[in-house]
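Below: one structure, written as structure tokens.
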Amino acid sequence: MEIRCAHSALRTLGAYANVFAIESFMDELAAAAGIDPVAFRLAHIKDERERAVIEAVAKAAAWKPGEKGDGRRGRGIGYARYKTVATYIAVIAEVEVNRTTGIVKVPRIWTSADAGQIINPDGLTNQIEGGVIQSMSWTLHEHVRFDRNGILSEDWMSYSDPDHAGRAQGRDRADQPAERTRARCRRGPRKGRRRPPSPMRSQPRPAGAP
């Protein structure tokens, strides 16, 4: 097929779209079989660590087998161990939809994870919570605006994510107007400014280190 415009790949994290497709299909299979989505996943799992995280998140969320939404509020489950090598993680999300305005809210999310031996528990918590927030942002807020002439989201201030979308609507700091920020984003950092050295790079390397 001939494409009559300049094109290239849109770089993104593959796991986000891939896991969404896999878990959506799992829900469709469960619905077709008339089986609760949690029970359906457990019925097709042999790995005990997988089973443990799904059972843990279902218990934490007080999941009731066969529960259904009412068209305005509902809950759903997702599970992933991406490429079968990453952390085991299960998530249950409570979602509300305003049928008049179309506004979607996520009041609560429960997660359960098995990351193996944990060196920094606080770091793991930050990763999980950050992933939850980022995935909700991608799903509900972020998008690139464009028209027939090209991309309209040229910088972080005009890109639709929860923080920058709010600033673009006028909620900027008094000493940092939106137009100045947008201009600096387009031009890049001012000349003469240097980033401080990385703490990791400034430390002397021990003898014999690779």
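Ligands are numbered from 1 in the order shown, chains are lettered A, B, ... in the order of the structure tokens, and residues start at 1 in each chain.
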Exercise. DSSP says helix (DSSP H, G or I) for which residues of stretch 40-104 of chain A? Put them as a list in words?
Worked result: Phe40, Arg41, Leu42, Ala43, Glu48, Arg49, Glu50, Arg51, Ala52, Val53, Ile54, Glu55, Ala56, Val57, Ala58, Lys59, Ala60, Tyr82, Lys83 and Thr84 of chain A
Problem set entry | Exercise: A:Phe20 partners within 9 Å, only C-alpha atoms, chain neighbours under 5 positions left out, as a ChimeraX atom specification | /A:15,25,78
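Here atom CA of A:Trp63 and atom CA of A:Gln127 stand 24.5 Å from one another.
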Problem set entry | Residue neighbourhood A:Ile35, 8 Å, only C-alpha atoms, exclusion window fewer than 5 positions, as an MDAnalysis selection string | chainID A and resid 30 40 66
Saved selection, atoms kept: N, CA, C and O atoms, as a short mmCIF file (atom, residue, chain, number, x, y, z; two decimals), in the first residue's frame:
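Output file out31.cif is given in full below:
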data_model
loop_
_atom_site.label_atom_id
_atom_site.label_comp_id
_atom_site.auth_asym_id
_atom_site.auth_seq_id
_atom_site.Cartn_x
_atom_site.Cartn_y
_atom_site.Cartn_z
N ALA A 30 -13.27 -15.11 29.27
CA ALA A 30 -14.00 -15.39 30.52
C ALA A 30 -15.48 -15.10 30.35
O ALA A 30 -16.34 -15.88 30.80
N PHE A 40 -11.37 -17.40 36.13
CA PHE A 40 -10.91 -17.86 34.82
C PHE A 40 -9.39 -17.84 34.73
O PHE A 40 -8.77 -18.78 34.23
N GLY A 66 -18.21 -13.20 40.27
CA GLY A 66 -19.40 -12.89 39.48
C GLY A 66 -19.88 -11.45 39.59
O GLY A 66 -20.90 -11.09 39.00
#
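Compared by their closest atoms to A:Asp70, and using only C-alpha atoms, the residues A:Arg41, A:Arg4, A:Lys105, A:Arg99 rank with A:Arg99 nearest.
Among the candidates A:His44, A:Arg51, A:Arg81, A:Arg75, the residue lying nearest to A:Glu94 is A:Arg75 (atoms considered: only C-alpha atoms).
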Seminar exercise, completed: Taken to one decimal, the atom CA of A:Thr101-atom CA of A:Ser135 distance is 22.0 Å
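Each of A:Ala80, A:Asp47, A:Gly74, A:Lys59 was compared to A:Met26 using only C-alpha atoms, and A:Ala80 turns out to be the nearest.
Using only C-alpha atoms, the smallest distance between any of A:Thr125, A:Asn120, A:Thr111, A:Asn149 and A:Ala60 comes from A:Thr111.
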Exercise. With only C-alpha atoms as the basis for distance, which of A:Ala93, A:Ala31, A:Ala113, A:Ile22 is at the shortest distance from A:Val53?
Worked result: A:Ala113
Problem set entry | Closest of A:Ala61, A:Asp27, A:Thr87, A:Val132 to A:Ile118 - atom-to-atom distances counting only C-alpha atoms | A:Thr87
For this session: Mind the document's chain letters and residue numbers, and return as a ChimeraX atom specification the residues of stretch 1-179 of chain A that DSSP labels strand (DSSP E).
Result: /A:73-80,88-97,104-114,146-147,150-151
Exercise. Leaving out A:Ala62 and any residue of its chain fewer than 5 positions from it, which residues lie within 12 Å of it when counting only C-alpha atoms, given as a ChimeraX atom specification?
Worked result: /A:38,55-57,67,75,92,94,110
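The neighbours of A:Tyr88 here are the residues that come within 10 Å of it, using only C-alpha atoms and leaving out any residue fewer than 3 positions away in the same chain; they are Arg49, Glu50, Arg51, Ala52, Val53, Ile54, Tyr79, Ala80, Arg81, Tyr82, Thr84, Val85, Ser112, Ala113, Asp114, Ala115 and Gly116 of chain A.
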Limited to C-alpha atoms, could you put the picked residues into a file as an mmCIF file, in the first residue's frame?
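Dumped everything to result01.cif:
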data_model
loop_
_atom_site.group_PDB
_atom_site.id
_atom_site.type_symbol
_atom_site.label_atom_id
_atom_site.label_comp_id
_atom_site.auth_asym_id
_atom_site.auth_seq_id
_atom_site.Cartn_x
_atom_site.Cartn_y
_atom_site.Cartn_z
ATOM 1 C CA ARG A 49 3.642 -17.333 42.334
ATOM 2 C CA GLU A 50 1.227 -16.151 39.656
ATOM 3 C CA ARG A 51 -1.647 -17.674 41.586
ATOM 4 C CA ALA A 52 -0.497 -16.019 44.807
ATOM 5 C CA VAL A 53 -0.465 -12.460 43.452
ATOM 6 C CA ILE A 54 -3.906 -12.825 41.845
ATOM 7 C CA TYR A 79 -2.376 -9.556 35.513
ATOM 8 C CA ALA A 80 1.054 -9.470 33.917
ATOM 9 C CA ARG A 81 4.496 -10.950 34.071
ATOM 10 C CA TYR A 82 5.822 -9.315 30.957
ATOM 11 C CA THR A 84 7.629 -14.161 31.541
ATOM 12 C CA VAL A 85 10.759 -12.679 33.128
ATOM 13 C CA SER A 112 -0.167 -7.188 44.456
ATOM 14 C CA ALA A 113 3.389 -7.854 43.310
ATOM 15 C CA ASP A 114 6.073 -10.498 43.645
ATOM 16 C CA ALA A 115 9.431 -9.073 42.586
ATOM 17 C CA GLY A 116 11.595 -11.775 44.144
#
Seminar exercise, completed: The distance between atom CA of A:Pro121 and atom CA of A:Ile77 is 24.1 Å
